[in-house]
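First the structure, in the form of structure tokens, and then the observations on it.
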Amino acid sequence: MIDLGPHATFIIAAYAIVSLVTIGLVGVTISNVFRQARRLERLEAERKTGA
Amino acid sequence: MTDQSETISSNWFSQLAHPGMFMRWSAYLIWPLGLLSIVLFAVGLWFAFFHSPADYQMGETVRIMYVHVPNAWLSQFCYGLMAVSAVGTLVWRHPMADVSMKAAAPLGAAFTAMALVTGSLWGRPTWGTFWEWDGRMTSTLILFLIYLGLIALWRTFEDQLRAAKVVAVLTLVGAVNIPIIKFSVDWWNTLHQPSTFFRADGPKAPASIITPLLTMTLAFTVLFLLLHLLRMRTEVTKRKADRLEHLKIARQQKGA
Amino acid sequence: MRAFWALLVRDLKSASRAGGSLTTLLAFYLSLGVILPIAIGPDKPLLASLGPALIWTGVLLSSLLGLDRIFVADHEDGSLAAFRHSRLSLSTISFVKLIVHWLTTALPLIVLTPVMGVLLTIDLQTLLSVMLTLLLGTPAIAALSLVAAALSVSLKRGAVIAPILVMPLAIPAVIFGVGAAKPLLGAGQAETALLYLSAMSLVFVAFAPFAAALALRLSQE
């Protein structure tokens with residue numbers, strides 16, 4: 001790792017926050033994709049069986 | 001001749017924008033966009049940390065710029081996308097335009113928030129304060145408030161179809177206002193003479209800064225497009241599921 | 001034109017009959033005039049220098065208080081739906097609502113502003129310029145309120161959300177309004193701010209009725 005100088009804390013904090021938010025955004029988005037897909041599947045199955 | 005080509009192109013567009021078609025063609029884009037953004041992030045981060053010198057003026061803190069500038073750019077790009085979608089909602093009344101607007105708003109708010117946080121983390125070592133009421137930061141903060149208002153408006157409506165039209169009006173009112181806000185904030189800023197000794201738009205950046213900056217901007221933009229696409233797909237699925245759920249409730253009520 | 005005046009008179013009459021809202025408005029504004037100096041402390045020079053900014057903030061917040069009255073009564077008793085078949089276009093009706101809102105909200109606040117001036121110990125010169133900038137700038141705020149009220153008319157929680165929509169968009173008006181009223185500005189800058197403020201009010205008042213009419217039409221479909 002290179003030397004980030006006297007302001008390393010700020011640089012690391014900036015990258016840490018951005019990575020956390022970005023990864024969180026990706027995670028929430030992907031989990032929503034699957035959640036809605038499962039929900040649709042369940043509802044479609046219910047309609048077919050006529051529940 | 002021109003008329004015919006126009007109908008062909010509008011057919012071509014309306015086919016692509018049809019929800020069913022959209023779900024089919026957009027599925028092919030997910031993996032390429034995902035891989036592309038991973039590669040771009042890897043290259044961009046490598047440049048940002050290992051292959052770019054410290055700036056002669058900003059020192060090592062220039063590295064914050066590599067995550068700040070992409071987010072600041074996306075905060076505006078996303079609003080542009082929403083404004084175009086709002087026109088689509090109001091003029092062509094296209095359901096996919098609604099979906100695009102709704103999918104973009106929280107992303108825009110998130111990227112604007114990241115632009116603000118990284119900007120303030122850059123400002124602390126550079127300006128000696130976490131918050132400087134400088135023109136760009138102030139305008140970005142106001143943009144963040146506008147995003148929050150749009151999201152709040154989306155959420156207060158139960159009927160999402162009606163919400164889309166009303167939110168579209170607000171999005172366009174905001175789009176007209178943003179240049180006015182920017183202008184007024186800049187005017188206000190010159191009035192109060194802030195103690196900035198460095199301006200991000202000042203001296204031209206050397207190539208060593210440009211390369212990581214562009215790569216990271218591209219990486220974030222590709223990621224944004226991917227997330228937007230995924231959120232649009234989720235919304236289409238959700239609407240389908242909502243319709244089925246309504247039908248189910250109606251059936252149950254009839255049966256009861 | 002007769003229908004225009006008839007509607008204006010009808011709305012003004014119904015606004016004056018519901019007198020409680022005017023009292024609420026003025027009491028809110030006055031309370032701000034008490035709370036702000038108490039929070040800041042009885043430091044007269046400080047209060048005087050903050051005066052224009054505090055008055056502008058007070059007027060903005062107070063005028064947001066009465067925002068839901070613009071369309072709600074007409075929405076509830078069904079007049080809003082009936083307006084669609086009226087001889088007046090929906091944008092003309094919105095324009096009338098804008099005038100009524102300004103007359104029943106901004107004007108009383110401006111009239112009460114000298115009292116705020118006394119509480120904040122600002123001098124007569126500053127007070128007059130603040131009142132002038134309020135006269136020129138409140139139409140812009142009223143125009144934005146009109147659009148926000150139209151956007152949120154069909155919502156149960158419209159009164160809560162509309163102020164959030166107005167505030168960020170009203171920032172330019174506050175900047176130019178306070179900027180024009182500050183006595184310490186360099187030569188010509190107050191005049192520039194005054195010009196920008198008037199231009200903003202003109203443009204917003206010209207466009208807001210159309211945006212509001214569009215929002216009303218869409219939210220009733």
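The way I read the labels, and the way they are meant: chains A, B, ... in the order of the structure tokens, residue 1 as the first residue of every chain, and ligand 1 as the first ligand shown, with later ones counted on from there.
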Given only C-alpha atoms, how would the per-residue table for chain B near chain A read, listing every residue at most 9 Å away with its closest atom pair and distance in Å to one decimal, sorted by chain and number, as CSV?
residue,atom,partner,partner_atom,distance
B:Phe49,CA,A:Ile2,CA,7.2
B:Phe50,CA,A:Ile2,CA,6.9
B:Ala54,CA,A:Leu4,CA,8.8
B:Gly59,CA,A:Gly5,CA,7.9
B:Glu60,CA,A:Leu4,CA,5.7
B:Thr61,CA,A:Ile11,CA,6.3
B:Val62,CA,A:Ile11,CA,8.8
B:Arg63,CA,A:Ile11,CA,6.9
B:Ile64,CA,A:Ile11,CA,5.7
B:Val67,CA,A:Tyr15,CA,7.2
B:His68,CA,A:Ala14,CA,8.5
B:Leu107,CA,A:Leu25,CA,8.1
B:Ala110,CA,A:Val21,CA,7.8
B:Phe111,CA,A:Thr22,CA,8.7
B:Met114,CA,A:Val18,CA,6.3
B:Ala115,CA,A:Val18,CA,9.0
B:Val117,CA,A:Ala14,CA,7.4
B:Thr118,CA,A:Ala14,CA,5.3
B:Gly119,CA,A:Ala14,CA,8.7
B:Leu121,CA,A:Phe10,CA,5.7
B:Trp122,CA,A:Phe10,CA,7.0
B:Arg124,CA,A:Phe10,CA,8.0
B:Pro125,CA,A:His7,CA,6.6
B:Leu223,CA,A:Val26,CA,8.9
B:Leu227,CA,A:Thr29,CA,6.9
B:Leu230,CA,A:Thr29,CA,6.9
B:Arg231,CA,A:Thr29,CA,6.4
B:Arg233,CA,A:Val33,CA,7.5
B:Thr234,CA,A:Val33,CA,5.1
B:Glu235,CA,A:Gln36,CA,8.3
B:Thr237,CA,A:Gln36,CA,6.2
B:Lys238,CA,A:Gln36,CA,5.6
B:Lys240,CA,A:Leu40,CA,7.1
B:Ala241,CA,A:Leu40,CA,4.7
B:Asp242,CA,A:Leu40,CA,8.4
B:Leu244,CA,A:Leu43,CA,6.4
B:Glu245,CA,A:Leu43,CA,6.9
B:Lys248,CA,A:Arg47,CA,7.5
Within 9 Å of chain B, which residues of chain C show up? Give each one with its shortest atom-to-atom distance in Å (one decimal) and the two atoms involved, counting only C-alpha atoms, rows by chain then rising residue number, as JSON lines.
{"residue": "C:Val147", "atom": "CA", "partner": "B:Leu170", "partner_atom": "CA", "distance": 8.4}
{"residue": "C:Ala148", "atom": "CA", "partner": "B:Leu170", "partner_atom": "CA", "distance": 8.1}
{"residue": "C:Leu151", "atom": "CA", "partner": "B:Val166", "partner_atom": "CA", "distance": 6.0}
{"residue": "C:Ser152", "atom": "CA", "partner": "B:Leu153", "partner_atom": "CA", "distance": 8.1}
{"residue": "C:Ser154", "atom": "CA", "partner": "B:Phe157", "partner_atom": "CA", "distance": 8.8}
{"residue": "C:Leu155", "atom": "CA", "partner": "B:Phe157", "partner_atom": "CA", "distance": 6.9}
{"residue": "C:Lys156", "atom": "CA", "partner": "B:Thr156", "partner_atom": "CA", "distance": 8.5}
{"residue": "C:Arg157", "atom": "CA", "partner": "B:Thr156", "partner_atom": "CA", "distance": 7.3}
{"residue": "C:Gly158", "atom": "CA", "partner": "B:Thr156", "partner_atom": "CA", "distance": 8.3}
{"residue": "C:Ile161", "atom": "CA", "partner": "B:Leu153", "partner_atom": "CA", "distance": 7.1}
{"residue": "C:Ala162", "atom": "CA", "partner": "B:Gly149", "partner_atom": "CA", "distance": 8.7}
{"residue": "C:Ile164", "atom": "CA", "partner": "B:Gly149", "partner_atom": "CA", "distance": 6.0}
{"residue": "C:Leu165", "atom": "CA", "partner": "B:Gly149", "partner_atom": "CA", "distance": 5.3}
{"residue": "C:Val166", "atom": "CA", "partner": "B:Gly149", "partner_atom": "CA", "distance": 8.9}
{"residue": "C:Met167", "atom": "CA", "partner": "B:Leu145", "partner_atom": "CA", "distance": 8.7}
{"residue": "C:Pro168", "atom": "CA", "partner": "B:Ile142", "partner_atom": "CA", "distance": 5.8}
{"residue": "C:Leu169", "atom": "CA", "partner": "B:Asn177", "partner_atom": "CA", "distance": 6.6}
{"residue": "C:Ala170", "atom": "CA", "partner": "B:Ile181", "partner_atom": "CA", "distance": 8.6}
{"residue": "C:Ile171", "atom": "CA", "partner": "B:Ile181", "partner_atom": "CA", "distance": 6.9}
{"residue": "C:Pro172", "atom": "CA", "partner": "B:Ser184", "partner_atom": "CA", "distance": 5.4}
{"residue": "C:Ala173", "atom": "CA", "partner": "B:Ser184", "partner_atom": "CA", "distance": 8.5}
{"residue": "C:Ile175", "atom": "CA", "partner": "B:Trp188", "partner_atom": "CA", "distance": 6.5}
{"residue": "C:Phe176", "atom": "CA", "partner": "B:Ser184", "partner_atom": "CA", "distance": 7.3}
{"residue": "C:Gly179", "atom": "CA", "partner": "B:Trp188", "partner_atom": "CA", "distance": 7.6}
{"residue": "C:Leu185", "atom": "CA", "partner": "B:Leu191", "partner_atom": "CA", "distance": 8.0}
{"residue": "C:Gly186", "atom": "CA", "partner": "B:Leu191", "partner_atom": "CA", "distance": 8.8}
{"residue": "C:Gln189", "atom": "CA", "partner": "B:Leu191", "partner_atom": "CA", "distance": 8.6}
{"residue": "C:Tyr196", "atom": "CA", "partner": "B:Ser184", "partner_atom": "CA", "distance": 8.9}
{"residue": "C:Met200", "atom": "CA", "partner": "B:Ile180", "partner_atom": "CA", "distance": 8.7}
{"residue": "C:Ala211", "atom": "CA", "partner": "B:Val169", "partner_atom": "CA", "distance": 7.2}
{"residue": "C:Ala212", "atom": "CA", "partner": "B:Val169", "partner_atom": "CA", "distance": 8.8}
{"residue": "C:Leu214", "atom": "CA", "partner": "B:Val169", "partner_atom": "CA", "distance": 7.7}
{"residue": "C:Ala215", "atom": "CA", "partner": "B:Val166", "partner_atom": "CA", "distance": 5.9}
{"residue": "C:Leu216", "atom": "CA", "partner": "B:Val166", "partner_atom": "CA", "distance": 8.6}
{"residue": "C:Leu218", "atom": "CA", "partner": "B:Lys165", "partner_atom": "CA", "distance": 6.3}
{"residue": "C:Ser219", "atom": "CA", "partner": "B:Arg162", "partner_atom": "CA", "distance": 6.1}
{"residue": "C:Gln220", "atom": "CA", "partner": "B:Arg162", "partner_atom": "CA", "distance": 8.4}
{"residue": "C:Glu221", "atom": "CA", "partner": "B:Arg162", "partner_atom": "CA", "distance": 7.7}
**Request:** Give me the residues within 9 Å of Leu61 in chain C as number ranges by chain, counting only C-alpha atoms and dropping any in the same chain fewer than 4 places off.
**Result:** C: 29, 56-57, 65, 163, 167
Output for the residues just chosen: N, CA, C and O atoms as a CSV table (one decimal), in the first residue's frame:
chain,number,residue,atom,x,y,z
C,29,TYR,N,-46.5,33.6,12.7
C,29,TYR,CA,-45.5,34.5,12.3
C,29,TYR,C,-45.0,35.3,13.5
C,29,TYR,O,-43.8,35.4,13.8
C,56,TRP,N,-37.4,37.0,6.4
C,56,TRP,CA,-37.6,36.2,5.2
C,56,TRP,C,-37.9,34.8,5.5
C,56,TRP,O,-38.9,34.2,5.0
C,57,THR,N,-37.1,34.2,6.4
C,57,THR,CA,-37.4,32.8,6.8
C,57,THR,C,-38.8,32.7,7.5
C,57,THR,O,-39.5,31.8,7.2
C,65,LEU,N,-47.6,27.4,6.0
C,65,LEU,CA,-48.6,26.9,6.9
C,65,LEU,C,-50.0,26.9,6.2
C,65,LEU,O,-50.8,26.0,6.5
C,163,PRO,N,-44.9,21.4,1.9
C,163,PRO,CA,-43.9,22.4,2.3
C,163,PRO,C,-42.5,21.8,1.9
C,163,PRO,O,-41.6,22.6,1.6
C,167,MET,N,-39.8,24.1,-0.3
C,167,MET,CA,-38.6,24.8,0.3
C,167,MET,C,-37.4,24.8,-0.6
C,167,MET,O,-36.8,25.9,-0.8
**Message:** Write out as a PyMOL selection string the set of residues from chain A that DSSP, computed on the backbone, places in alpha helix (DSSP H).
**Reply:** chain A and resi 8-49
**Request:** Enter the distance from CA of Met23 in chain B to CA of Ile249 in chain B, in Å, rounded to one decimal.
**Result:**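 So the two atoms, CA of Met23 in chain B and CA of Ile249 in chain B, lie 26.4 Å apart.
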**Message:** Using Å and a single decimal, report how far CA of Thr89 in chain B sits from CA of Ser75 in chain B.
**Reply:** 21.1 Å
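Each of C:Met1, C:Leu80, C:Ile122, C:Leu8 was compared to Leu46 in chain C using only C-alpha atoms, and C:Ile122 turns out to be the nearest.
Relative to CA of Asp159 in chain B, CA of His246 in chain B is found at 12.8 Å.
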